[in-house]
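Participant: A single structure is presented below for examination.
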Amino acid sequence: MSHTTQDREEKYCDSVVESTQVKKAMKRSADDHNDDNNESPRQKPATEEHSSVVAAHYNHLEEKGLRERFNSPIYYLRNFNNWVKSVLIQEYTDKIREKDYGRSLRVLDICCGKGGDLSKWQKARVEHVVFADIAEVSVQQCQTRYDELRARTRGGRLYSAEFIAADCSKATLRDKYRDPSISFDIVSCQFGLHYSFESLPQARRMLTNISECLKPGGYFFGTIPDAYEIVSRSKKSDGSFGNRIYNIKLLFDVEKGYPLFGGKYDFHLEGVVDCPEFLVNFKLFTKLASDYGLELIYKARFADFFKDHSEKYRHLLQKIVCFESYPPPPGKELIADEKEYEHAKQYWESKENKTERDRIGTMSTSEWEVATVYMAFAFRKLKSTWDSNGKPVYSKPREESQTTNKN
Ligand SMILES: C[S@@+](CC[C@H](N)C(=O)[O-])C[C@H]1O[C@@H](n2cnc3c(N)ncnc32)[C@H](O)[C@@H]1O
């Protein structure tokens with residue numbers, strides 16, 4: 001996408017966020033904020049069907065064997081997504097340890113799925129993780145995988161864990177923790193927050209769950225589809241776009257504008273996702289998050305995230321095998337059709353002094369097109385005091401955080 005198109009989309013979203021509709025919604029949000037455990041009577045009852053569609057979809061996702069995963073048309077994309085998550089986990093656990101080396105870290109992994117990040121938390125040497133997800137079967141699989149990890153760890157260091165099956169956009173998670181007075185150093189929500197943007201009450205409940213037990217100075221980070229990118233790609237199509245591995249179809253009338261909540265679209269990704277999701281207007285998300293004492297410290301589309309971190313985490317890119325070798329080594333075939341490597345071919349051909357054994361790392365255009373639908377973000381929890389009306393007033397903790405790329 002060109003910068004001008006992106007800028008235009010961002011300006012559009014800015015103006016929407018400043019609109020009366022949002023101001024009213026945000027005012028309601030602020031008014032209700034002190035009473036987060038109660039559904040506001042002004043809120044229309046949240047629909048049950050969408051949550052059950054999402055839960056049923058993820059519950060029925062089959063566990064893939066290693067061989068199947070290796071032969072998947074999105075093998076490198078999955079690895080790349082895992083790299084992004086690993087980097088986020090590493091970066092923010094490091095940031096906490098920079099200030100307090102010996103601190104035992106407690107984590108909430110919200111929308112955890114089958115526990116795709118179980119071993120990442122072990123590598124980050126955290127103390128305790130609460131895993132929560134709406135899909136009961138996924139939570140059971142997560143627990144089984146944790147038990148298997150424990151067995152493999154054989155008395156070595158592994159965090160303790162608890163598992164909660166609940167709709168995190170409707171339930172009060174704090175009531176479900178073993179210790180309701182627990183406080184987290186980190187909350188991670190990977191590829192899941194957008195499901196709560198079905199309605200304002202759901203987004204608020206999700207943010208309450210994320211923020212209420214997060215310590216001041218603690219971090220909330222995650223990954224979501226970038227709504228600006230989706231809107232921009234859809235404007236260049238007839239409302240449905242994609243390639244051989246993904247397809248997105250907007251399910252609302254764009255002529256009437258982009259809904260701030262409930263901006264539903266169908267997302268199909270080869271063998272992984274095939275269910276409706278919701279656009280997250282990032283400006284609105286940031287504004288809403290600030291009501292919960294969450295200050296944005298980093299955001300980047302995946303392409304920029306890669307630029308920001310590829311140097312420091314190069315070894316991990318190689319270890320996780322995020323890129324395909326081009327030209328393919330003898331006896332190996334490219335994962336996609338040759339025409340999806342035109343960019344790599346041109347670069348390869350322009351390279352001087354290359355030998356027969358030299359290779360470059362690349363990704364098929366289809367996979368990269370999906371990777372660049374996503375963005376990563378990080379917030380820091382502010383310190384709270386209470387005003388005379390009992391409302392929280394947030395301010396920065398004493399030690400200022402480093403802002404790397406707050407676009
Ligand atoms: C794409 S998966 C990501 C799973 C995991 N975070 C990962 O990165 O592997 C999205 C997850 O969000 C969960 N989810 C969707 N809506 C949810 C909700 N309202 N409450 C809790 N989990 C939800 C789904 O069940 C699914 O497991």
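The chains in the structure tokens are called A, B, ... from first to last as shown; in each chain the residues are counted from 1, and the ligands are counted from 1 in the order shown.
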Could you make a table, as JSON lines, of the residues of chain A that have an atom within 8 Å of an atom of ligand 1, each with its nearest atom pair and distance in Å to one decimal, counting only C-alpha atoms and all ligand atoms, in chain and number order?
Facilitator:
{"residue": "A:Ser51", "atom": "CA", "partner": "ligand 1", "partner_atom_place_in_ligand_line": "19 (N)", "distance": 6.3}
{"residue": "A:Val54", "atom": "CA", "partner": "ligand 1", "partner_atom_place_in_ligand_line": "15 (C)", "distance": 6.0}
{"residue": "A:Ala55", "atom": "CA", "partner": "ligand 1", "partner_atom_place_in_ligand_line": "25 (O)", "distance": 5.1}
{"residue": "A:His57", "atom": "CA", "partner": "ligand 1", "partner_atom_place_in_ligand_line": "25 (O)", "distance": 7.7}
{"residue": "A:Tyr58", "atom": "CA", "partner": "ligand 1", "partner_atom_place_in_ligand_line": "25 (O)", "distance": 5.2}
{"residue": "A:Asn59", "atom": "CA", "partner": "ligand 1", "partner_atom_place_in_ligand_line": "25 (O)", "distance": 7.3}
{"residue": "A:Asn82", "atom": "CA", "partner": "ligand 1", "partner_atom_place_in_ligand_line": "8 (O)", "distance": 7.8}
{"residue": "A:Lys85", "atom": "CA", "partner": "ligand 1", "partner_atom_place_in_ligand_line": "8 (O)", "distance": 7.7}
{"residue": "A:Asp109", "atom": "CA", "partner": "ligand 1", "partner_atom_place_in_ligand_line": "6 (N)", "distance": 7.5}
{"residue": "A:Ile110", "atom": "CA", "partner": "ligand 1", "partner_atom_place_in_ligand_line": "21 (C)", "distance": 6.6}
{"residue": "A:Cys111", "atom": "CA", "partner": "ligand 1", "partner_atom_place_in_ligand_line": "22 (N)", "distance": 3.8}
{"residue": "A:Cys112", "atom": "CA", "partner": "ligand 1", "partner_atom_place_in_ligand_line": "6 (N)", "distance": 4.0}
{"residue": "A:Gly113", "atom": "CA", "partner": "ligand 1", "partner_atom_place_in_ligand_line": "27 (O)", "distance": 3.2}
{"residue": "A:Lys114", "atom": "CA", "partner": "ligand 1", "partner_atom_place_in_ligand_line": "27 (O)", "distance": 6.6}
{"residue": "A:Gly115", "atom": "CA", "partner": "ligand 1", "partner_atom_place_in_ligand_line": "9 (O)", "distance": 6.1}
{"residue": "A:Gly116", "atom": "CA", "partner": "ligand 1", "partner_atom_place_in_ligand_line": "9 (O)", "distance": 4.1}
{"residue": "A:Asp117", "atom": "CA", "partner": "ligand 1", "partner_atom_place_in_ligand_line": "9 (O)", "distance": 6.5}
{"residue": "A:Ala132", "atom": "CA", "partner": "ligand 1", "partner_atom_place_in_ligand_line": "21 (C)", "distance": 6.4}
{"residue": "A:Asp133", "atom": "CA", "partner": "ligand 1", "partner_atom_place_in_ligand_line": "22 (N)", "distance": 3.7}
{"residue": "A:Ile134", "atom": "CA", "partner": "ligand 1", "partner_atom_place_in_ligand_line": "21 (C)", "distance": 3.9}
{"residue": "A:Ala135", "atom": "CA", "partner": "ligand 1", "partner_atom_place_in_ligand_line": "25 (O)", "distance": 4.5}
{"residue": "A:Ser138", "atom": "CA", "partner": "ligand 1", "partner_atom_place_in_ligand_line": "27 (O)", "distance": 6.5}
{"residue": "A:Ala165", "atom": "CA", "partner": "ligand 1", "partner_atom_place_in_ligand_line": "21 (C)", "distance": 7.7}
{"residue": "A:Ala166", "atom": "CA", "partner": "ligand 1", "partner_atom_place_in_ligand_line": "21 (C)", "distance": 6.1}
{"residue": "A:Asp167", "atom": "CA", "partner": "ligand 1", "partner_atom_place_in_ligand_line": "20 (N)", "distance": 3.8}
{"residue": "A:Cys168", "atom": "CA", "partner": "ligand 1", "partner_atom_place_in_ligand_line": "20 (N)", "distance": 3.8}
{"residue": "A:Ser169", "atom": "CA", "partner": "ligand 1", "partner_atom_place_in_ligand_line": "19 (N)", "distance": 4.6}
{"residue": "A:Lys170", "atom": "CA", "partner": "ligand 1", "partner_atom_place_in_ligand_line": "19 (N)", "distance": 7.0}
{"residue": "A:Cys189", "atom": "CA", "partner": "ligand 1", "partner_atom_place_in_ligand_line": "6 (N)", "distance": 6.1}
{"residue": "A:Gln190", "atom": "CA", "partner": "ligand 1", "partner_atom_place_in_ligand_line": "6 (N)", "distance": 4.1}
{"residue": "A:Phe191", "atom": "CA", "partner": "ligand 1", "partner_atom_place_in_ligand_line": "3 (C)", "distance": 4.8}
{"residue": "A:Gly192", "atom": "CA", "partner": "ligand 1", "partner_atom_place_in_ligand_line": "12 (O)", "distance": 4.1}
{"residue": "A:Leu193", "atom": "CA", "partner": "ligand 1", "partner_atom_place_in_ligand_line": "12 (O)", "distance": 7.3}
{"residue": "A:His194", "atom": "CA", "partner": "ligand 1", "partner_atom_place_in_ligand_line": "16 (N)", "distance": 7.8}
{"residue": "A:Tyr195", "atom": "CA", "partner": "ligand 1", "partner_atom_place_in_ligand_line": "16 (N)", "distance": 4.8}
{"residue": "A:Ser196", "atom": "CA", "partner": "ligand 1", "partner_atom_place_in_ligand_line": "19 (N)", "distance": 5.6}
{"residue": "A:Gln202", "atom": "CA", "partner": "ligand 1", "partner_atom_place_in_ligand_line": "19 (N)", "distance": 7.9}
{"residue": "A:Met206", "atom": "CA", "partner": "ligand 1", "partner_atom_place_in_ligand_line": "19 (N)", "distance": 7.8}
{"residue": "A:Val272", "atom": "CA", "partner": "ligand 1", "partner_atom_place_in_ligand_line": "1 (C)", "distance": 7.6}
{"residue": "A:Val273", "atom": "CA", "partner": "ligand 1", "partner_atom_place_in_ligand_line": "1 (C)", "distance": 6.8}
Participant: If we count only C-alpha atoms, what is near range 154-162 of chain A at a cut-off of 8 Å, once residues fewer than 3 positions away on the same chain are taken out, given as an MDAnalysis selection string?
Facilitator: chainID A and resid 121:122 125:131 150:151 177:178
Participant: Print the selection's residues with C-alpha atoms to a file, as a PDB file, in the first residue's frame.
Facilitator:
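Contents of selection.pdb, freshly written:
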ATOM      1  CA  TRP A 121       7.074 -18.550  28.116  1.00  0.00           C
ATOM      2  CA  GLN A 122       9.458 -21.262  29.279  1.00  0.00           C
ATOM      3  CA  ARG A 125      11.859 -17.962  32.307  1.00  0.00           C
ATOM      4  CA  VAL A 126       8.561 -16.672  33.688  1.00  0.00           C
ATOM      5  CA  GLU A 127       7.176 -17.928  36.997  1.00  0.00           C
ATOM      6  CA  HIS A 128       3.452 -18.367  36.409  1.00  0.00           C
ATOM      7  CA  VAL A 129       1.104 -18.175  33.405  1.00  0.00           C
ATOM      8  CA  VAL A 130      -2.684 -17.977  33.339  1.00  0.00           C
ATOM      9  CA  PHE A 131      -3.980 -19.256  29.994  1.00  0.00           C
ATOM     10  CA  ARG A 150       6.433 -30.565  31.982  1.00  0.00           C
ATOM     11  CA  ALA A 151       7.179 -34.249  31.321  1.00  0.00           C
ATOM     12  CA  TYR A 177      -8.100 -16.904  39.004  1.00  0.00           C
ATOM     13  CA  ARG A 178      -6.878 -19.308  41.695  1.00  0.00           C
TER      14      ARG A 178
END
Participant: Skipping near chain neighbours, those fewer than 2 positions away, what residues fall within 12 Å of Glu340 in chain A using only C-alpha atoms, listed as a PyMOL selection string?
Facilitator: chain A and resi 243-244+324+326+334-338+342-346+362-369
Participant: Write down as a PyMOL selection string the residues of range 173-220 of chain A whose backbone DSSP state falls under alpha helix (DSSP H).
Facilitator: chain A and resi 200-211
Participant: Which neighbours of range 300-311 of chain A fall inside 6 Å, counting only C-alpha atoms, when residues of the same chain fewer than 3 positions from it are skipped, and could you give them as a PyMOL selection string?
Facilitator: chain A and resi 314+372+374-376
Participant: Only N, CA and C atoms, please: the residues just picked out, written as a short mmCIF file (atom, residue, chain, number, x, y, z; two decimals), in the first residue's frame.
Facilitator:
data_model
loop_
_atom_site.label_atom_id
_atom_site.label_comp_id
_atom_site.auth_asym_id
_atom_site.auth_seq_id
_atom_site.Cartn_x
_atom_site.Cartn_y
_atom_site.Cartn_z
N ARG A 314 18.16 -11.87 14.45
CA ARG A 314 18.48 -12.59 13.23
C ARG A 314 18.64 -14.09 13.49
N THR A 372 1.57 -9.21 6.02
CA THR A 372 1.48 -7.75 6.09
C THR A 372 0.05 -7.25 6.32
N TYR A 374 -1.13 -7.94 9.19
CA TYR A 374 -1.09 -7.85 10.65
C TYR A 374 -0.20 -6.73 11.18
N MET A 375 -0.45 -6.40 12.44
CA MET A 375 0.38 -5.42 13.14
C MET A 375 0.61 -5.86 14.58
N ALA A 376 1.67 -5.34 15.17
CA ALA A 376 1.97 -5.64 16.57
C ALA A 376 1.86 -4.35 17.37
#
Participant: Choose the residue, out of A:Gly242, A:Pro328, A:Gly293, A:Gly218, that has the smallest atom-to-atom separation from Ser395 in chain A; count only C-alpha atoms.
Facilitator: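 The answer is A:Gly293, which sits nearest to Ser395 in chain A.
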Participant: Which residues come within 7 Å of Asn209 in chain A, counting only C-alpha atoms, excluding same-chain residues fewer than 4 positions away, as a list in words?
Facilitator: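 Neighbouring residues, sequence-local ones excluded: Thr172, Leu173 and Arg205 of chain A.
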Participant: Those residues with C-alpha atoms, as a PDB file, in the first residue's frame please?
Facilitator:
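Saved as result-v3.pdb:
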ATOM      1  CA  THR A 172     -14.793 -11.365  34.680  1.00  0.00           C
ATOM      2  CA  LEU A 173     -11.501 -13.243  34.617  1.00  0.00           C
ATOM      3  CA  ARG A 205     -14.739  -6.114  29.164  1.00  0.00           C
TER       4      ARG A 205
END
Participant: For Cys322 in chain A, find every residue with an atom within 9 Å (counting only C-alpha atoms), except residues of its own chain fewer than 2 positions away, and show them as a PDB file with all heavy atoms, in the first residue's frame.
Facilitator:
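Ended up saving to result-v9.pdb:
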ATOM      1  N   TYR A  75       3.701 -22.630   5.795  1.00  0.00           N
ATOM      2  CA  TYR A  75       4.759 -23.048   6.728  1.00  0.00           C
ATOM      3  C   TYR A  75       5.618 -21.861   7.176  1.00  0.00           C
ATOM      4  O   TYR A  75       5.817 -21.636   8.378  1.00  0.00           O
ATOM      5  CB  TYR A  75       5.631 -24.107   6.042  1.00  0.00           C
ATOM      6  CG  TYR A  75       6.812 -24.551   6.868  1.00  0.00           C
ATOM      7  CD1 TYR A  75       6.642 -25.383   7.972  1.00  0.00           C
ATOM      8  CD2 TYR A  75       8.105 -24.130   6.540  1.00  0.00           C
ATOM      9  CE1 TYR A  75       7.733 -25.785   8.743  1.00  0.00           C
ATOM     10  CE2 TYR A  75       9.200 -24.544   7.298  1.00  0.00           C
ATOM     11  CZ  TYR A  75       9.000 -25.364   8.392  1.00  0.00           C
ATOM     12  OH  TYR A  75      10.081 -25.750   9.143  1.00  0.00           O
ATOM     13  N   TYR A  76       6.097 -21.058   6.213  1.00  0.00           N
ATOM     14  CA  TYR A  76       7.006 -19.953   6.565  1.00  0.00           C
ATOM     15  C   TYR A  76       6.251 -18.808   7.240  1.00  0.00           C
ATOM     16  O   TYR A  76       6.772 -18.162   8.141  1.00  0.00           O
ATOM     17  CB  TYR A  76       7.774 -19.486   5.330  1.00  0.00           C
ATOM     18  CG  TYR A  76       8.652 -20.595   4.789  1.00  0.00           C
ATOM     19  CD1 TYR A  76       8.252 -21.358   3.698  1.00  0.00           C
ATOM     20  CD2 TYR A  76       9.856 -20.911   5.419  1.00  0.00           C
ATOM     21  CE1 TYR A  76       9.031 -22.407   3.233  1.00  0.00           C
ATOM     22  CE2 TYR A  76      10.645 -21.953   4.966  1.00  0.00           C
ATOM     23  CZ  TYR A  76      10.232 -22.703   3.874  1.00  0.00           C
ATOM     24  OH  TYR A  76      10.990 -23.754   3.426  1.00  0.00           O
ATOM     25  N   LEU A  77       5.011 -18.596   6.800  1.00  0.00           N
ATOM     26  CA  LEU A  77       4.186 -17.555   7.422  1.00  0.00           C
ATOM     27  C   LEU A  77       3.959 -17.861   8.906  1.00  0.00           C
ATOM     28  O   LEU A  77       4.087 -16.988   9.768  1.00  0.00           O
ATOM     29  CB  LEU A  77       2.837 -17.485   6.684  1.00  0.00           C
ATOM     30  CG  LEU A  77       1.768 -16.612   7.331  1.00  0.00           C
ATOM     31  CD1 LEU A  77       2.140 -15.140   7.272  1.00  0.00           C
ATOM     32  CD2 LEU A  77       0.412 -16.817   6.654  1.00  0.00           C
ATOM     33  N   ARG A  78       3.634 -19.120   9.193  1.00  0.00           N
ATOM     34  CA  ARG A  78       3.420 -19.514  10.598  1.00  0.00           C
ATOM     35  C   ARG A  78       4.687 -19.292  11.413  1.00  0.00           C
ATOM     36  O   ARG A  78       4.637 -18.796  12.535  1.00  0.00           O
ATOM     37  CB  ARG A  78       3.081 -21.005  10.677  1.00  0.00           C
ATOM     38  CG  ARG A  78       1.718 -21.351  10.216  1.00  0.00           C
ATOM     39  CD  ARG A  78       1.581 -22.853  10.263  1.00  0.00           C
ATOM     40  NE  ARG A  78       0.935 -23.238  11.485  1.00  0.00           N
ATOM     41  CZ  ARG A  78      -0.147 -23.985  11.523  1.00  0.00           C
ATOM     42  NH1 ARG A  78      -0.675 -24.440  10.416  1.00  0.00           N
ATOM     43  NH2 ARG A  78      -0.703 -24.297  12.652  1.00  0.00           N
ATOM     44  N   ASN A  79       5.793 -19.680  10.837  1.00  0.00           N
ATOM     45  CA  ASN A  79       7.064 -19.502  11.545  1.00  0.00           C
ATOM     46  C   ASN A  79       7.359 -18.027  11.776  1.00  0.00           C
ATOM     47  O   ASN A  79       7.843 -17.638  12.835  1.00  0.00           O
ATOM     48  CB  ASN A  79       8.212 -20.158  10.759  1.00  0.00           C
ATOM     49  CG  ASN A  79       8.066 -21.668  10.715  1.00  0.00           C
ATOM     50  OD1 ASN A  79       7.204 -22.232  11.380  1.00  0.00           O
ATOM     51  ND2 ASN A  79       8.915 -22.341   9.939  1.00  0.00           N
ATOM     52  N   PHE A  80       7.047 -17.213  10.751  1.00  0.00           N
ATOM     53  CA  PHE A  80       7.274 -15.772  10.882  1.00  0.00           C
ATOM     54  C   PHE A  80       6.399 -15.200  12.011  1.00  0.00           C
ATOM     55  O   PHE A  80       6.863 -14.411  12.840  1.00  0.00           O
ATOM     56  CB  PHE A  80       6.981 -15.068   9.548  1.00  0.00           C
ATOM     57  CG  PHE A  80       7.243 -13.594   9.577  1.00  0.00           C
ATOM     58  CD1 PHE A  80       8.541 -13.109   9.605  1.00  0.00           C
ATOM     59  CD2 PHE A  80       6.194 -12.681   9.600  1.00  0.00           C
ATOM     60  CE1 PHE A  80       8.797 -11.728   9.654  1.00  0.00           C
ATOM     61  CE2 PHE A  80       6.435 -11.309   9.642  1.00  0.00           C
ATOM     62  CZ  PHE A  80       7.740 -10.838   9.666  1.00  0.00           C
ATOM     63  N   ASN A  81       5.115 -15.631  12.040  1.00  0.00           N
ATOM     64  CA  ASN A  81       4.226 -15.167  13.124  1.00  0.00           C
ATOM     65  C   ASN A  81       4.785 -15.568  14.482  1.00  0.00           C
ATOM     66  O   ASN A  81       4.724 -14.804  15.449  1.00  0.00           O
ATOM     67  CB  ASN A  81       2.817 -15.759  12.966  1.00  0.00           C
ATOM     68  CG  ASN A  81       2.070 -15.137  11.790  1.00  0.00           C
ATOM     69  OD1 ASN A  81       2.479 -14.106  11.264  1.00  0.00           O
ATOM     70  ND2 ASN A  81       0.988 -15.768  11.378  1.00  0.00           N
ATOM     71  N   ASN A  82       5.342 -16.764  14.551  1.00  0.00           N
ATOM     72  CA  ASN A  82       5.939 -17.221  15.816  1.00  0.00           C
ATOM     73  C   ASN A  82       7.162 -16.390  16.182  1.00  0.00           C
ATOM     74  O   ASN A  82       7.402 -16.123  17.356  1.00  0.00           O
ATOM     75  CB  ASN A  82       6.327 -18.700  15.723  1.00  0.00           C
ATOM     76  CG  ASN A  82       5.144 -19.571  16.126  1.00  0.00           C
ATOM     77  OD1 ASN A  82       4.480 -19.299  17.133  1.00  0.00           O
ATOM     78  ND2 ASN A  82       4.863 -20.594  15.349  1.00  0.00           N
ATOM     79  N   TRP A  83       7.890 -15.970  15.157  1.00  0.00           N
ATOM     80  CA  TRP A  83       9.056 -15.118  15.406  1.00  0.00           C
ATOM     81  C   TRP A  83       8.601 -13.786  16.013  1.00  0.00           C
ATOM     82  O   TRP A  83       9.168 -13.332  17.012  1.00  0.00           O
ATOM     83  CB  TRP A  83       9.812 -14.881  14.089  1.00  0.00           C
ATOM     84  CG  TRP A  83      10.985 -13.946  14.215  1.00  0.00           C
ATOM     85  CD1 TRP A  83      12.222 -14.245  14.705  1.00  0.00           C
ATOM     86  CD2 TRP A  83      11.026 -12.551  13.855  1.00  0.00           C
ATOM     87  NE1 TRP A  83      13.028 -13.129  14.678  1.00  0.00           N
ATOM     88  CE2 TRP A  83      12.317 -12.076  14.160  1.00  0.00           C
ATOM     89  CE3 TRP A  83      10.094 -11.664  13.301  1.00  0.00           C
ATOM     90  CZ2 TRP A  83      12.717 -10.760  13.927  1.00  0.00           C
ATOM     91  CZ3 TRP A  83      10.478 -10.345  13.077  1.00  0.00           C
ATOM     92  CH2 TRP A  83      11.776  -9.911  13.387  1.00  0.00           C
ATOM     93  N   LEU A 316      17.218 -15.894  15.625  1.00  0.00           N
ATOM     94  CA  LEU A 316      15.915 -16.515  15.845  1.00  0.00           C
ATOM     95  C   LEU A 316      15.170 -16.706  14.520  1.00  0.00           C
ATOM     96  O   LEU A 316      14.490 -17.712  14.309  1.00  0.00           O
ATOM     97  CB  LEU A 316      15.095 -15.617  16.788  1.00  0.00           C
ATOM     98  CG  LEU A 316      13.974 -16.281  17.561  1.00  0.00           C
ATOM     99  CD1 LEU A 316      14.482 -17.452  18.383  1.00  0.00           C
ATOM    100  CD2 LEU A 316      13.309 -15.256  18.474  1.00  0.00           C
ATOM    101  N   LEU A 317      15.367 -15.726  13.604  1.00  0.00           N
ATOM    102  CA  LEU A 317      14.752 -15.858  12.268  1.00  0.00           C
ATOM    103  C   LEU A 317      15.240 -17.139  11.605  1.00  0.00           C
ATOM    104  O   LEU A 317      14.476 -17.860  10.968  1.00  0.00           O
ATOM    105  CB  LEU A 317      15.163 -14.682  11.385  1.00  0.00           C
ATOM    106  CG  LEU A 317      14.414 -13.364  11.501  1.00  0.00           C
ATOM    107  CD1 LEU A 317      15.127 -12.286  10.708  1.00  0.00           C
ATOM    108  CD2 LEU A 317      12.972 -13.488  11.038  1.00  0.00           C
ATOM    109  N   GLN A 318      16.550 -17.409  11.804  1.00  0.00           N
ATOM    110  CA  GLN A 318      17.131 -18.597  11.177  1.00  0.00           C
ATOM    111  C   GLN A 318      16.700 -19.862  11.915  1.00  0.00           C
ATOM    112  O   GLN A 318      16.323 -20.851  11.306  1.00  0.00           O
ATOM    113  CB  GLN A 318      18.653 -18.493  11.160  1.00  0.00           C
ATOM    114  CG  GLN A 318      19.107 -17.533  10.076  1.00  0.00           C
ATOM    115  CD  GLN A 318      20.496 -16.969  10.323  1.00  0.00           C
ATOM    116  OE1 GLN A 318      21.146 -17.293  11.314  1.00  0.00           O
ATOM    117  NE2 GLN A 318      20.937 -16.105   9.433  1.00  0.00           N
ATOM    118  N   LYS A 319      16.707 -19.793  13.246  1.00  0.00           N
ATOM    119  CA  LYS A 319      16.366 -20.969  14.047  1.00  0.00           C
ATOM    120  C   LYS A 319      14.925 -21.399  13.789  1.00  0.00           C
ATOM    121  O   LYS A 319      14.631 -22.587  13.647  1.00  0.00           O
ATOM    122  CB  LYS A 319      16.568 -20.617  15.532  1.00  0.00           C
ATOM    123  CG  LYS A 319      16.546 -21.801  16.431  1.00  0.00           C
ATOM    124  CD  LYS A 319      16.999 -21.423  17.828  1.00  0.00           C
ATOM    125  CE  LYS A 319      16.484 -22.465  18.791  1.00  0.00           C
ATOM    126  NZ  LYS A 319      16.336 -21.939  20.141  1.00  0.00           N
ATOM    127  N   ILE A 320      14.023 -20.434  13.716  1.00  0.00           N
ATOM    128  CA  ILE A 320      12.605 -20.774  13.521  1.00  0.00           C
ATOM    129  C   ILE A 320      12.314 -21.062  12.038  1.00  0.00           C
ATOM    130  O   ILE A 320      11.232 -21.514  11.694  1.00  0.00           O
ATOM    131  CB  ILE A 320      11.690 -19.637  14.050  1.00  0.00           C
ATOM    132  CG1 ILE A 320      11.995 -19.314  15.514  1.00  0.00           C
ATOM    133  CG2 ILE A 320      10.239 -19.963  13.912  1.00  0.00           C
ATOM    134  CD1 ILE A 320      11.060 -18.312  16.176  1.00  0.00           C
ATOM    135  N   GLU A 324      12.330 -19.025   3.210  1.00  0.00           N
ATOM    136  CA  GLU A 324      12.621 -20.121   2.302  1.00  0.00           C
ATOM    137  C   GLU A 324      13.926 -19.806   1.556  1.00  0.00           C
ATOM    138  O   GLU A 324      14.179 -18.644   1.253  1.00  0.00           O
ATOM    139  CB  GLU A 324      11.453 -20.185   1.312  1.00  0.00           C
ATOM    140  CG  GLU A 324      11.305 -21.463   0.605  1.00  0.00           C
ATOM    141  CD  GLU A 324      10.004 -21.510  -0.206  1.00  0.00           C
ATOM    142  OE1 GLU A 324       9.190 -20.559  -0.173  1.00  0.00           O
ATOM    143  OE2 GLU A 324       9.823 -22.526  -0.895  1.00  0.00           O
ATOM    144  N   GLY A 361      17.241 -15.701   1.736  1.00  0.00           N
ATOM    145  CA  GLY A 361      16.014 -16.102   2.423  1.00  0.00           C
ATOM    146  C   GLY A 361      14.857 -15.252   1.925  1.00  0.00           C
ATOM    147  O   GLY A 361      14.983 -14.042   1.783  1.00  0.00           O
ATOM    148  N   THR A 362      13.728 -15.897   1.626  1.00  0.00           N
ATOM    149  CA  THR A 362      12.588 -15.148   1.111  1.00  0.00           C
ATOM    150  C   THR A 362      11.271 -15.811   1.529  1.00  0.00           C
ATOM    151  O   THR A 362      11.275 -16.823   2.235  1.00  0.00           O
ATOM    152  CB  THR A 362      12.674 -15.011  -0.423  1.00  0.00           C
ATOM    153  OG1 THR A 362      11.667 -14.106  -0.856  1.00  0.00           O
ATOM    154  CG2 THR A 362      12.484 -16.353  -1.121  1.00  0.00           C
ATOM    155  N   MET A 363      10.165 -15.221   1.076  1.00  0.00           N
ATOM    156  CA  MET A 363       8.853 -15.797   1.345  1.00  0.00           C
ATOM    157  C   MET A 363       8.028 -15.668   0.072  1.00  0.00           C
ATOM    158  O   MET A 363       8.209 -14.681  -0.670  1.00  0.00           O
ATOM    159  CB  MET A 363       8.187 -14.991   2.472  1.00  0.00           C
ATOM    160  CG  MET A 363       7.213 -15.773   3.309  1.00  0.00           C
ATOM    161  SD  MET A 363       6.383 -14.725   4.496  1.00  0.00           S
ATOM    162  CE  MET A 363       7.286 -15.037   5.969  1.00  0.00           C
TER     163      MET A 363
END
Participant: Go ahead and compute the interatomic distance for CA of Glu333 in chain A and CA of Ala371 in chain A, in Å to one decimal.
Facilitator: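 Distance reported for this atom pair: 21.8 Å.
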